[in-house]
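Undergrad: Here you go, this is query.txt (compact mmCIF, C-alpha atoms).
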# COMPACT_ATOMS: atom_id res chain seq x y z
CA MET A 1256 -13.20 -134.10 202.23
CA LYS A 1257 -16.60 -135.79 202.46
CA PHE A 1258 -18.46 -137.15 199.47
CA PHE A 1259 -20.96 -139.83 198.63
CA LEU A 1260 -21.34 -141.47 195.26
CA SER A 1261 -24.67 -142.10 193.58
CA ILE A 1262 -26.57 -145.26 194.37
CA THR A 1263 -26.35 -148.26 192.07
CA THR A 1264 -29.63 -148.71 190.21
CA THR A 1265 -29.43 -152.26 188.85
CA ALA A 1266 -30.70 -155.36 190.65
CA THR A 1267 -31.97 -158.84 189.99
CA TYR A 1268 -34.72 -160.84 191.66
CA ALA A 1269 -32.41 -163.82 192.17
CA ILE A 1270 -29.90 -161.69 194.06
CA ALA A 1271 -32.65 -160.29 196.25
CA ILE A 1272 -33.80 -163.76 197.22
CA ALA A 1273 -30.22 -164.81 198.01
CA SER A 1274 -29.73 -161.72 200.17
CA MET A 1275 -33.00 -162.41 202.00
CA ALA A 1276 -31.89 -165.94 202.79
CA LEU A 1277 -28.65 -164.56 204.21
CA TYR A 1278 -30.55 -162.13 206.41
CA VAL A 1279 -32.85 -164.81 207.82
CA ALA A 1280 -29.87 -166.99 208.66
CA CYS A 1281 -28.18 -164.13 210.47
CA SER A 1282 -31.29 -163.19 212.45
CA ASN A 1283 -31.56 -166.74 213.80
CA ASP A 1284 -27.97 -166.74 214.99
CA LYS A 1285 -27.74 -166.60 218.79
CA ASN A 1286 -24.98 -164.01 218.53
CA VAL A 1287 -27.33 -161.44 216.99
CA THR A 1288 -30.64 -162.41 218.58
CA GLY A 1289 -32.69 -159.31 219.26
CA ILE A 1290 -30.53 -157.01 217.16
CA GLU A 1291 -32.71 -154.97 214.86
CA ILE A 1292 -30.75 -155.13 211.63
CA GLY A 1293 -32.13 -153.94 208.34
CA ASN A 1294 -30.55 -155.39 205.23
CA PRO A 1295 -29.92 -152.63 202.68
CA SER A 1296 -28.97 -155.10 199.98
CA ILE A 1297 -32.63 -155.98 199.40
CA ALA A 1298 -34.07 -152.49 199.53
CA ASP A 1299 -37.28 -151.74 197.62
CA THR A 1300 -36.42 -148.17 196.72
CA ASP A 1301 -33.58 -145.70 196.64
CA THR A 1302 -33.26 -142.72 198.95
CA SER A 1303 -35.53 -139.72 198.50
CA VAL A 1304 -35.35 -136.25 199.97
CA THR A 1305 -36.57 -132.72 199.53
CA ASP A 1306 -34.58 -129.84 201.00
CA THR A 1307 -37.04 -126.97 201.08
CA ALA A 1308 -34.45 -124.56 202.43
CA ASN A 1309 -32.10 -125.08 199.48
CA LYS A 1310 -34.90 -126.02 197.08
CA ASN A 1311 -32.90 -129.00 195.90
CA PRO A 1312 -34.81 -131.59 193.87
CA ASP A 1313 -34.37 -135.32 194.31
CA PRO A 1314 -30.78 -136.25 193.50
CA GLN A 1315 -30.06 -137.05 189.86
CA LYS A 1316 -27.47 -139.47 188.57
CA ALA A 1317 -24.13 -137.70 188.58
CA PRO A 1318 -21.86 -137.60 185.53
CA ALA A 1319 -19.39 -140.43 185.11
CA LEU A 1320 -16.41 -140.30 187.45
CA PRO A 1321 -13.47 -142.04 185.73
CA LEU A 1322 -10.51 -143.22 187.75
CA VAL A 1323 -6.86 -142.40 187.24
CA ALA A 1324 -3.99 -143.40 189.49
CA GLU A 1325 -0.54 -141.97 190.14
CA PHE A 1326 2.34 -143.75 191.85
CA SER A 1327 5.32 -141.83 193.18
CA VAL A 1328 8.02 -141.45 195.82
CA ASP A 1329 7.93 -138.53 198.24
CA TYR A 1330 10.74 -137.14 200.42
CA SER A 1331 8.75 -134.68 202.53
CA ASP A 1332 8.74 -134.84 206.30
CA ALA A 1333 6.22 -137.47 207.38
CA ALA A 1334 4.84 -135.12 210.04
CA ALA A 1335 4.18 -132.37 207.51
CA LYS A 1336 1.55 -134.33 205.54
CA ALA A 1337 2.63 -132.49 202.40
CA LEU A 1338 3.03 -134.50 199.24
CA GLY A 1339 5.12 -134.01 196.15
CA LYS A 1340 8.52 -133.14 197.61
CA GLY A 1341 11.39 -134.39 195.52
CA ALA A 1342 14.76 -135.44 196.83
CA SER A 1343 17.16 -132.71 197.91
CA LYS A 1344 20.91 -133.00 197.42
CA ASP A 1345 21.61 -134.00 201.00
CA GLU A 1346 18.86 -136.55 201.64
CA PRO A 1347 20.12 -139.27 204.01
CA VAL A 1348 18.50 -141.95 201.85
CA LEU A 1349 17.77 -141.86 198.13
CA LEU A 1350 15.75 -144.44 196.22
CA ASP A 1351 17.11 -145.22 192.77
CA THR A 1352 14.81 -147.98 191.56
CA PHE A 1353 11.56 -149.14 193.15
CA SER A 1354 8.85 -151.00 191.25
CA LEU A 1355 5.92 -153.24 192.12
CA VAL A 1356 3.44 -155.15 190.01
CA LEU A 1357 -0.18 -153.96 190.26
CA THR A 1358 -2.43 -157.04 190.31
CA ASN A 1359 -5.80 -155.84 191.57
CA LEU A 1360 -7.87 -152.72 192.09
CA ARG A 1361 -10.97 -152.91 194.29
CA SER A 1362 -13.62 -150.60 195.68
CA PHE A 1363 -15.24 -151.08 199.08
CA SER A 1364 -18.68 -149.51 199.21
CA SER A 1365 -22.09 -149.70 200.84
CA TYR A 1366 -25.09 -150.49 198.66
CA TYR A 1367 -28.75 -149.58 199.02
CA THR A 1368 -30.15 -151.78 196.31
CA SER A 1369 -29.78 -155.44 195.40
CA VAL A 1370 -26.25 -156.24 194.27
CA SER A 1371 -24.08 -159.33 194.13
CA VAL A 1372 -21.08 -157.59 195.70
CA ASP A 1373 -19.68 -158.85 198.99
CA PRO A 1374 -19.02 -155.55 200.86
CA ILE A 1375 -16.27 -157.17 202.93
CA LYS A 1376 -14.33 -158.51 199.94
CA GLY A 1377 -15.15 -155.45 197.84
CA LEU A 1378 -15.79 -155.11 194.13
CA GLN A 1379 -13.00 -155.86 191.66
CA LEU A 1380 -12.72 -152.89 189.31
CA TRP A 1381 -9.60 -154.05 187.50
CA PRO A 1382 -8.47 -156.28 185.85
CA TYR A 1383 -11.64 -156.66 183.80
CA GLU A 1384 -13.30 -160.02 183.33
CA ASP A 1385 -12.17 -160.29 179.71
CA ASP A 1386 -8.55 -159.71 180.76
CA SER A 1387 -8.46 -161.34 184.17
CA ASP A 1388 -4.72 -162.05 184.09
CA ALA A 1389 -3.70 -158.46 183.38
CA GLU A 1390 -0.92 -156.92 185.46
CA LEU A 1391 0.80 -153.56 185.36
CA GLU A 1392 4.43 -152.83 186.16
CA ILE A 1393 4.43 -149.73 188.38
CA SER A 1394 7.61 -147.70 188.89
CA PHE A 1395 7.36 -145.49 191.95
CA THR A 1396 10.72 -143.84 191.32
CA GLY A 1397 9.65 -143.28 187.70
CA HIS A 1398 6.36 -141.69 188.82
CA SER A 1399 3.99 -144.03 186.97
CA SER A 1400 0.54 -142.82 185.94
CA VAL A 1401 -2.31 -145.10 184.91
CA GLU A 1402 -5.30 -143.77 183.01
CA ASP A 1403 -5.94 -145.71 179.83
CA ALA A 1404 -6.00 -149.11 181.57
CA PHE A 1405 -8.76 -147.84 183.90
CA LYS A 1406 -10.80 -146.09 181.21
CA ASP A 1407 -13.90 -148.26 181.73
CA ILE A 1408 -14.12 -147.60 185.46
CA ASP A 1409 -16.87 -145.24 186.63
CA LEU A 1410 -16.90 -144.86 190.41
CA GLN A 1411 -20.35 -143.28 190.30
CA GLU A 1412 -21.77 -146.69 189.46
CA GLU A 1413 -20.37 -148.50 192.46
CA GLY A 1414 -22.46 -147.51 195.49
CA TYR A 1415 -21.36 -145.27 198.33
CA LEU A 1416 -17.58 -145.40 198.24
CA LYS A 1417 -15.71 -146.19 201.46
CA GLU A 1418 -12.23 -147.27 200.38
CA MET A 1419 -10.12 -148.03 197.35
CA GLY A 1420 -7.94 -151.11 197.56
CA VAL A 1421 -4.71 -151.42 195.56
CA GLU A 1422 -2.99 -154.81 195.53
CA PHE A 1423 0.65 -155.39 194.55
CA ARG A 1424 3.22 -158.12 194.41
CA PRO A 1425 7.02 -157.65 194.18
CA ASP A 1426 8.47 -157.35 190.68
CA GLU A 1427 11.16 -159.62 189.23
CA GLN A 1428 13.94 -157.63 190.91
CA ASN A 1429 12.25 -158.22 194.26
CA ALA A 1430 14.18 -155.36 195.83
CA ILE A 1431 14.48 -151.61 196.29
CA PHE A 1432 17.78 -150.13 195.12
CA GLY A 1433 19.08 -146.90 196.59
CA HIS A 1434 21.88 -144.98 198.27
CA ALA A 1435 22.33 -144.17 201.95
CA LYS A 1436 24.63 -141.50 203.34
CA VAL A 1437 27.21 -143.07 205.66
CA ASN A 1438 29.92 -140.78 207.06
CA ASP A 1439 29.18 -138.11 204.42
CA LYS A 1440 29.52 -140.65 201.65
CA TYR A 1441 26.69 -142.27 199.70
CA LEU A 1442 26.85 -146.06 199.64
CA PRO A 1443 24.55 -148.19 197.49
CA PHE A 1444 22.11 -150.52 199.22
CA VAL A 1445 19.73 -153.25 198.13
CA TYR A 1446 16.68 -153.87 200.33
CA SER A 1447 15.10 -157.27 199.67
CA LEU A 1448 11.30 -157.50 199.38
CA SER A 1449 11.35 -161.25 199.87
CA ASN A 1450 9.34 -160.84 203.08
CA PHE A 1451 6.29 -159.83 201.06
CA GLN A 1452 4.24 -162.08 198.81
CA SER A 1453 1.46 -159.54 198.25
CA LEU A 1454 0.17 -156.36 199.84
CA MET A 1455 -3.22 -154.66 199.78
CA LEU A 1456 -3.35 -150.92 200.50
CA ARG A 1457 -6.79 -149.55 201.38
CA TYR A 1458 -7.22 -145.79 200.98
CA HIS A 1459 -10.01 -143.82 202.68
CA TYR A 1460 -12.33 -142.06 200.23
CA SER A 1461 -11.19 -138.69 201.56
CA GLN A 1462 -7.68 -139.51 200.32
CA ILE A 1463 -8.97 -139.61 196.73
CA ASP A 1464 -8.98 -136.30 194.84
CA THR A 1465 -12.16 -135.83 192.79
CA ALA A 1466 -11.44 -132.36 191.41
CA GLY A 1467 -11.58 -131.87 187.67
CA GLY A 1468 -14.20 -134.53 186.96
CA LYS A 1469 -11.87 -137.45 187.68
CA ALA A 1470 -11.11 -139.54 190.73
CA ASN A 1471 -7.35 -139.44 191.23
CA LEU A 1472 -5.95 -142.14 193.48
CA SER A 1473 -2.47 -141.02 194.52
CA VAL A 1474 -0.35 -143.86 195.90
CA VAL A 1475 2.72 -142.23 197.43
CA PHE A 1476 5.65 -143.97 199.09
CA ARG A 1477 7.07 -141.77 201.85
CA VAL A 1478 10.80 -142.33 202.11
CA LYS A 1479 11.20 -140.62 205.48
CA THR A 1480 8.51 -142.82 207.01
CA PHE A 1481 10.24 -145.87 205.57
CA VAL A 1482 13.67 -145.03 207.05
CA ASP A 1483 12.49 -143.31 210.24
CA GLY A 1484 14.84 -144.28 213.09
CA ILE A 1485 17.01 -146.39 210.78
CA ASP A 1486 20.79 -146.07 211.20
CA PHE A 1487 22.78 -147.25 208.20
CA SER A 1488 26.14 -146.33 209.77
CA ASN A 1489 26.46 -149.69 211.55
CA ALA A 1490 25.36 -151.74 208.57
CA GLU A 1491 27.65 -154.44 207.24
CA ILE A 1492 29.07 -153.52 203.86
CA GLY A 1493 29.55 -156.34 201.36
CA GLU A 1494 32.71 -157.09 199.42
CA ASP A 1495 31.09 -155.39 196.43
CA SER A 1496 30.82 -152.15 198.51
CA VAL A 1497 27.02 -152.57 198.64
CA ILE A 1498 24.87 -152.70 201.79
CA HIS A 1499 22.78 -155.83 201.30
CA ILE A 1500 19.68 -155.83 203.51
CA ASP A 1501 17.90 -159.18 203.62
CA SER A 1502 17.25 -162.18 205.86
CA LYS A 1503 20.94 -163.18 205.75
CA TYR A 1504 22.83 -159.87 205.68
CA ASN A 1505 21.91 -156.99 208.02
CA SER A 1506 18.87 -159.00 209.16
CA GLU A 1507 18.10 -156.70 212.11
CA LEU A 1508 18.00 -153.71 209.78
CA TRP A 1509 15.91 -155.76 207.34
CA ASN A 1510 13.30 -156.56 209.99
CA LYS A 1511 12.99 -152.90 210.98
CA LEU A 1512 12.50 -151.84 207.38
CA ASN A 1513 9.97 -154.63 206.88
CA ASP A 1514 7.90 -153.22 209.74
CA GLN A 1515 7.91 -149.75 208.17
CA PHE A 1516 7.62 -150.66 204.50
CA VAL A 1517 3.84 -151.04 204.06
CA PRO A 1518 2.79 -148.16 206.39
CA SER A 1519 5.06 -145.89 204.32
CA PHE A 1520 2.42 -145.89 201.57
CA GLN A 1521 0.17 -144.07 204.06
CA PRO A 1522 -3.15 -145.77 203.33
CA LEU A 1523 -5.88 -145.85 205.95
CA ARG A 1524 -5.15 -149.54 206.52
CA TYR A 1525 -3.44 -152.45 204.89
CA ASP A 1526 -2.84 -156.16 204.92
CA TYR A 1527 0.04 -158.10 203.51
CA LYS A 1528 1.01 -161.73 203.15
CA THR A 1529 4.33 -163.26 204.06
CA VAL A 1530 5.37 -166.88 203.59
CA SER A 1531 3.87 -167.79 206.95
CA ASP A 1532 1.39 -165.10 207.97
CA THR A 1533 -1.07 -162.35 207.03
CA ILE A 1534 -0.71 -159.01 208.83
CA SER A 1535 -3.46 -156.39 208.99
CA ALA A 1536 -3.39 -152.97 210.66
CA TYR A 1537 -4.42 -149.32 210.49
CA VAL A 1538 -1.85 -146.62 209.74
CA VAL A 1539 -1.85 -144.67 212.99
CA ASP A 1540 -1.40 -141.10 211.76
CA ILE A 1541 -3.99 -141.49 208.97
CA TRP A 1542 -6.48 -143.04 211.39
CA LYS A 1543 -5.97 -140.20 213.87
CA ASP A 1544 -6.85 -137.65 211.18
CA ILE A 1545 -10.11 -139.44 210.41
CA ALA A 1546 -11.30 -140.16 213.96
CA ALA A 1547 -12.96 -137.36 215.90
CA LYS A 1548 -11.00 -135.45 218.52
CA LYS A 1549 -12.26 -134.97 222.08
CA GLY A 1550 -15.45 -132.91 222.07
CA GLU A 1551 -15.77 -133.15 218.30
CA ASN A 1552 -18.90 -134.39 216.55
CA THR A 1553 -18.15 -137.36 214.30
CA ILE A 1554 -21.58 -137.01 212.66
CA ILE A 1555 -21.30 -134.84 209.56
CA ASN A 1556 -24.05 -132.33 208.83
CA GLY A 1557 -25.84 -133.23 212.06
CA ASN A 1558 -27.61 -129.86 212.01
CA PHE A 1559 -28.77 -130.41 208.39
CA LYS A 1560 -27.30 -127.10 207.21
CA SER A 1561 -25.70 -128.69 204.15
CA PRO A 1562 -27.84 -130.33 201.47
CA PHE A 1563 -29.33 -133.48 202.96
CA THR A 1564 -27.97 -135.78 200.28
CA THR A 1565 -24.38 -134.86 201.19
CA ASP A 1566 -24.23 -137.22 204.14
CA TRP A 1567 -27.65 -138.63 205.06
CA ILE A 1568 -29.50 -141.58 203.59
CA LEU A 1569 -33.23 -142.29 203.84
CA MET A 1570 -33.86 -146.00 203.45
CA ASN A 1571 -37.24 -147.54 202.51
CA GLN A 1572 -37.51 -151.35 202.52
CA TYR A 1573 -39.86 -154.22 203.47
CA GLY A 1574 -42.96 -152.19 202.66
CA GLY A 1575 -41.83 -149.01 204.38
CA LYS A 1576 -42.36 -145.71 202.59
CA ALA A 1577 -41.25 -142.27 203.73
CA ASP A 1578 -39.89 -139.01 202.43
CA THR A 1579 -38.08 -136.12 204.04
CA THR A 1580 -38.13 -132.36 204.16
CA VAL A 1581 -35.65 -130.00 205.76
CA LEU A 1582 -37.46 -127.21 207.59
CA ILE A 1583 -36.19 -123.93 209.00
CA GLU A 1584 -37.65 -122.68 212.28
CA LYS A 1585 -36.02 -119.86 214.24
CA ASP A 1586 -32.70 -120.32 212.44
CA GLU A 1587 -32.71 -124.03 213.21
CA ARG A 1588 -32.86 -126.70 210.53
CA ILE A 1589 -35.11 -129.64 211.32
CA MET A 1590 -35.33 -132.91 209.46
CA LYS A 1591 -38.96 -133.92 208.94
CA VAL A 1592 -39.48 -137.60 208.10
CA ASP A 1593 -43.01 -138.40 206.93
CA VAL A 1594 -43.62 -142.16 207.22
CA THR A 1595 -46.60 -142.87 204.96
CA ALA A 1596 -46.28 -146.67 205.21
CA GLY A 1597 -44.73 -148.23 208.29
CA GLY A 1598 -43.76 -151.50 206.65
CA LYS A 1599 -43.17 -154.83 208.37
CA HIS A 1600 -40.37 -153.81 210.73
CA SER A 1601 -38.90 -150.87 212.58
CA TRP A 1602 -36.05 -150.96 210.03
CA SER A 1603 -38.48 -150.68 207.11
CA VAL A 1604 -37.72 -146.95 207.31
CA GLN A 1605 -34.23 -145.90 208.33
CA LEU A 1606 -32.57 -142.50 208.58
CA ILE A 1607 -28.88 -143.34 208.22
CA GLN A 1608 -25.48 -141.73 208.33
CA GLU A 1609 -22.42 -143.80 207.56
CA ASN A 1610 -18.73 -143.12 208.08
CA VAL A 1611 -19.03 -142.57 211.83
CA ALA A 1612 -15.43 -143.16 212.89
CA LEU A 1613 -15.26 -145.00 216.21
CA ILE A 1614 -12.21 -146.00 218.25
CA ALA A 1615 -12.33 -149.08 220.44
CA GLY A 1616 -12.31 -148.33 224.16
CA VAL A 1617 -13.09 -144.61 223.75
CA ASN A 1618 -16.18 -143.15 225.45
CA TYR A 1619 -18.78 -141.48 223.22
CA GLN A 1620 -22.16 -139.87 223.67
CA CYS A 1621 -24.87 -139.89 221.04
CA VAL A 1622 -27.26 -136.95 221.37
CA PHE A 1623 -30.25 -135.91 219.25
CA THR A 1624 -33.60 -134.16 219.65
CA ILE A 1625 -36.70 -135.90 218.32
CA TRP A 1626 -40.50 -135.71 218.49
CA SER A 1627 -43.46 -137.13 216.58
CA ASN A 1628 -47.17 -136.56 216.01
CA VAL A 1629 -47.75 -140.02 217.51
CA GLU A 1630 -46.09 -141.27 220.68
CA GLY A 1631 -44.26 -144.55 220.30
CA GLN A 1632 -40.97 -146.38 220.24
CA ILE A 1633 -38.11 -146.22 217.73
CA THR A 1634 -34.70 -147.86 217.70
CA ALA A 1635 -31.47 -145.85 217.70
CA ARG A 1636 -28.37 -147.80 216.77
CA ILE A 1637 -24.75 -147.66 215.63
CA GLY A 1638 -23.56 -150.72 213.78
CA SER A 1639 -21.38 -151.97 210.95
CA TYR A 1640 -22.34 -151.06 207.39
CA ASN A 1641 -21.08 -154.35 205.95
CA THR A 1642 -21.94 -156.94 208.60
CA TYR A 1643 -24.93 -155.08 210.15
CA GLU A 1644 -23.76 -156.10 213.62
CA THR A 1645 -24.08 -153.63 216.49
CA GLU A 1646 -20.74 -151.92 217.20
CA GLY A 1647 -21.69 -148.92 219.30
CA PHE A 1648 -25.11 -149.32 220.89
CA GLN A 1649 -28.73 -150.25 220.30
CA GLU A 1650 -31.39 -148.51 222.35
CA HIS A 1651 -35.18 -148.45 222.14
CA VAL A 1652 -36.19 -144.81 222.49
CA GLN A 1653 -39.66 -143.64 223.52
CA VAL A 1654 -40.60 -140.70 221.28
CA GLN A 1655 -43.03 -138.09 222.62
CA THR A 1656 -45.18 -135.47 220.92
CA SER A 1657 -42.98 -132.66 222.20
CA GLY A 1658 -39.30 -132.23 221.46
CA HIS A 1659 -36.95 -133.91 223.92
CA SER A 1660 -33.24 -134.65 223.89
CA VAL A 1661 -31.97 -138.21 223.84
CA ALA A 1662 -28.48 -138.94 225.21
CA ILE A 1663 -26.86 -142.38 224.97
CA ASN A 1664 -23.37 -143.11 226.29
CA PHE A 1665 -21.43 -146.00 224.79
CA THR A 1666 -17.94 -147.44 224.38
CA PRO A 1667 -17.31 -149.47 221.20
CA GLU A 1668 -15.32 -152.68 221.44
CA VAL A 1669 -13.94 -152.41 217.89
CA SER A 1670 -12.46 -149.59 215.84
CA ASP A 1671 -14.37 -148.78 212.67
CA PRO A 1672 -13.97 -145.73 210.40
CA PHE A 1673 -17.31 -146.50 208.72
CA ALA A 1674 -19.76 -147.30 211.50
CA ARG A 1675 -23.38 -146.58 210.62
CA PHE A 1676 -25.70 -144.46 212.77
CA GLU A 1677 -29.34 -145.26 212.18
CA LEU A 1678 -32.74 -144.27 213.45
CA ASN A 1679 -35.22 -147.05 212.69
CA LEU A 1680 -38.52 -145.23 212.20
CA GLY A 1681 -40.76 -147.84 210.55
CA GLY A 1682 -43.58 -149.99 211.86
CA SER A 1683 -46.45 -147.48 211.71
CA GLU A 1684 -47.57 -144.33 209.91
CA ARG A 1685 -46.39 -141.19 211.68
CA THR A 1686 -44.27 -138.08 211.23
CA PHE A 1687 -40.97 -137.37 212.97
CA TRP A 1688 -39.00 -134.17 213.50
CA ILE A 1689 -35.29 -134.52 214.27
CA LYS A 1690 -32.56 -131.97 214.90
CA GLU A 1691 -28.99 -131.57 216.20
CA VAL A 1692 -27.69 -135.10 215.82
CA LYS A 1693 -24.30 -135.64 217.43
CA VAL A 1694 -21.91 -138.46 218.25
CA LEU A 1695 -19.38 -136.81 220.54
CA ARG A 1696 -16.06 -138.20 221.66
CA ILE A 1697 -15.98 -137.42 225.38
CA ASN A 1698 -12.50 -138.65 226.36
Now that the file is in, can you turn its structure into structure tokens?

TA:
Amino acid sequence: MKFFLSITTTATYAIAIASMALYVACSNDKNVTGIEIGNPSIADTDTSVTDTANKNPDPQKAPALPLVAEFSVDYSDAAAKALGKGASKDEPVLLDTFSLVLTNLRSFSSYYTSVSVDPIKGLQLWPYEDDSDAELEISFTGHSSVEDAFKDIDLQEEGYLKEMGVEFRPDEQNAIFGHAKVNDKYLPFVYSLSNFQSLMLRYHYSQIDTAGGKANLSVVFRVKTFVDGIDFSNAEIGEDSVIHIDSKYNSELWNKLNDQFVPSFQPLRYDYKTVSDTISAYVVDIWKDIAAKKGENTIINGNFKSPFTTDWILMNQYGGKADTTVLIEKDERIMKVDVTAGGKHSWSVQLIQENVALIAGVNYQCVFTIWSNVEGQITARIGSYNTYETEGFQEHVQVQTSGHSVAINFTPEVSDPFARFELNLGGSERTFWIKEVKVLRIN
């Protein structure tokens, strides 16, 4: 599922000046010298587009998108990816009581207007400023649902959504209580959560259901992922006939469950704090579903057949002005970008697509066809949406007056599910025609 949320429309002059100071500091840093980075946080205007094929007008502000959240336990096979399966009578492990305390809810988004949000830290959606100490007891085994507490959240107001972050701490019981089948007999166990001080689960926007006019964040704990490869038959049984699993009793089993506990929520990625360390990682099977397969195009709507505003962004800043039209010629759809004011920099006008999922060490090829009414140079680039650093490549491309294909091979050094492809088209008045944009995974 691919969706973008409407662009935030509020800004202040003070924030813009602060953002500009940040940009100047970055551009003088030796580590980024020569990197052509536009700074969307001090944009002059929002995106604009006309799709003549679909006759779509400029995008209007969408209706409010309130957030609700559900928290549950699931017993389906981890490989099946199906949610909602309850426990059968012969499950090897049953969870009786499992609760956490919800302490923070954050959105991670990109912004194309002046905002005071740090895109790396994200925007705190809850608790609200007037109730900053609020917490919610969440029972996963009791299938908790939260709606009223989030009633003032409207995700349409918070930029282009990337991830939702849900932060927990252990509850007062500090344990999961359940039963495990040992020799055809269920024995109670207590798994200590003392290894975890806090955990942040970050869910990819495609994991959020937006049907029915609401954004439903479903936080599901997969039992079979949690106990995968775990053998309770050799566990030490206490004098109270309970299997205690903690740092003192059954410590080897405890360490294995600790490794599998946080990934069992199946977010895109997570981090958690222990007494001595902070651990961060991607959840492998979720990440594999998001990243492109071999030969697959990780650019969405690269042939512009869907409405332009679904996945593409036209950015005007630093005096640049441009608009777009989608044309149809011989059953091909061509993006026309008319730059009426070049602005101060090549990045004064940017044609952007975010959410380009890149895997470190994998070979990719970026391919697109482009021409212009005026010969000259542009910059093609794949970088980070929140730090603006180059992650894939940066190439200066000579554009001709006749259509020609550009092919750029690259191998990213970091994994990023939200890399940003951009064509920097500013600097002078001219018109561009672009078609068949691809970022292909080639191994």

Undergrad: When you draw a straight line from atom CA of A:Asp1483 to atom CA of A:Ala1324, how long is it in Å?

TA: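 Atom CA of A:Asp1483 sits 26.5 Å away from atom CA of A:Ala1324.
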
Undergrad: Distance atom CA of A:Leu1349-atom CA of A:Ser1447, one decimal place?

TA: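 Between atom CA of A:Leu1349 and atom CA of A:Ser1447 the gap is 15.7 Å.
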
Undergrad: Can you work out which one of A:Val1611, A:Leu1582, A:Leu1454, A:Leu1322 has the shortest atom-to-atom distance to A:Asp1532, counting all atoms listed in the file?

TA: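 Of A:Val1611, A:Leu1582, A:Leu1454, A:Leu1322, the one nearest A:Asp1532 is A:Leu1454, counting all atoms listed in the file.
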
Undergrad: Could you jot down the atom CA of A:Phe1326 to atom CA of A:Ser1506 separation for me, Å, one decimal place?

TA: 28.4 Å

Undergrad: Which one of A:Thr1666, A:Asn1510, A:Gln1572, A:Thr1358 sits closest to A:Asp1386 if you count only C-alpha atoms?

TA: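 Counting only C-alpha atoms, the residue closest to A:Asp1386 is A:Thr1358.
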
Undergrad: Which residue gives the smallest distance to A:Ile1589 among A:Asn1556, A:Gln1521, A:Ser1639, A:Thr1396, with all atoms listed in the file counted?

TA: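 Looking only at the distances to A:Ile1589, the closest residue turns out to be A:Asn1556.
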
Undergrad: Write out as a ChimeraX atom specification each polymer residue whose atoms come within 7 Å of A:Phe1481, counting only C-alpha atoms; drop sequence neighbours fewer than 5 positions from it.

TA: /A:1512,1515-1516,1519

Undergrad: When distances are computed from only C-alpha atoms, which of A:Ile1375, A:Ile1492, A:Ala1596, A:Val1497 shows the smallest separation from A:Gly1575?

TA: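 Comparing A:Ile1375, A:Ile1492, A:Ala1596, A:Val1497 against A:Gly1575, the winner is A:Ala1596.
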
Undergrad: Counting all atoms listed in the file, which residue out of A:Glu1584, A:Asp1526, A:Glu1507, A:Glu1384 sits closest to A:Asp1407?

TA: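 Counting all atoms listed in the file, the residue closest to A:Asp1407 is A:Glu1384.
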
Undergrad: Kindly assemble as CSV a list of the stretch 1457-1542 of chain A residues that lie within 12 Å of stretch 1612-1620 of chain A, each paired with its nearest atom pair and their distance in Å to one decimal, using all atoms listed in the file, sorted first by chain and then by ascending residue number.

TA:
residue,atom,partner,partner_atom,distance
A:His1459,CA,A:Ala1612,CA,11.6
A:Tyr1537,CA,A:Ile1614,CA,11.5
A:Val1539,CA,A:Ile1614,CA,11.7
A:Trp1542,CA,A:Ala1612,CA,9.1

Undergrad: Which residue is closest to A:Ile1431? Choose from A:Phe1451, A:Phe1353, A:Tyr1527, A:Tyr1573 and count all atoms listed in the file.

TA: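 When distances to A:Ile1431 are compared using all atoms listed in the file, the smallest one comes from A:Phe1353.
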
Undergrad: Do a neighbour search on A:Val1530 at 12 Å with all atoms listed in the file, toss out local chain neighbours closer than 5 positions, and write the hits as a list of chain:residue names.

TA: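 Listed by chain and then number, they are A:Leu1448, A:Ser1449, A:Asn1450, A:Phe1451, A:Gln1452, A:Ser1453.
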
Undergrad: Give me, as a list in words, all polymer residues having an atom no more than 8 Å from A:Ile1463, counting only C-alpha atoms and skipping those fewer than 6 positions away in the same chain.

TA: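 In the requested form, the answer reads Ala1470, Asn1471, Leu1472 and Ser1473 of chain A.
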
Undergrad: Hey, what's within 10 Å of A:Ile1663 if we count all atoms listed in the file and toss same-chain stuff fewer than 3 positions away? As a PyMOL selection string, please?

TA: chain A and resi 1619-1623+1635-1636+1648-1650+1652+1694

Undergrad: Would you mind exporting the chosen residues as a PDB file, in the frame of the given file, restricted to C-alpha atoms?

TA:
ATOM      1  CA  TYR A1619     -18.780-141.480 223.220  1.00  0.00           C
ATOM      2  CA  GLN A1620     -22.160-139.870 223.670  1.00  0.00           C
ATOM      3  CA  CYS A1621     -24.870-139.890 221.040  1.00  0.00           C
ATOM      4  CA  VAL A1622     -27.260-136.950 221.370  1.00  0.00           C
ATOM      5  CA  PHE A1623     -30.250-135.910 219.250  1.00  0.00           C
ATOM      6  CA  ALA A1635     -31.470-145.850 217.700  1.00  0.00           C
ATOM      7  CA  ARG A1636     -28.370-147.800 216.770  1.00  0.00           C
ATOM      8  CA  PHE A1648     -25.110-149.320 220.890  1.00  0.00           C
ATOM      9  CA  GLN A1649     -28.730-150.250 220.300  1.00  0.00           C
ATOM     10  CA  GLU A1650     -31.390-148.510 222.350  1.00  0.00           C
ATOM     11  CA  VAL A1652     -36.190-144.810 222.490  1.00  0.00           C
ATOM     12  CA  VAL A1694     -21.910-138.460 218.250  1.00  0.00           C
TER      13      VAL A1694
END

Undergrad: Taking all atoms of stretch 1568-1575 of chain A that the file lists and extending 6 Å past them on each side, where is the centre of the axis-aligned box and how long are its edges? Answer in Å to one decimal, as AutoDock Vina command-line options.

TA:
--center_x -36.2 --center_y -147.9 --center_z 203.4 --size_x 25.5 --size_y 24.6 --size_z 13.9
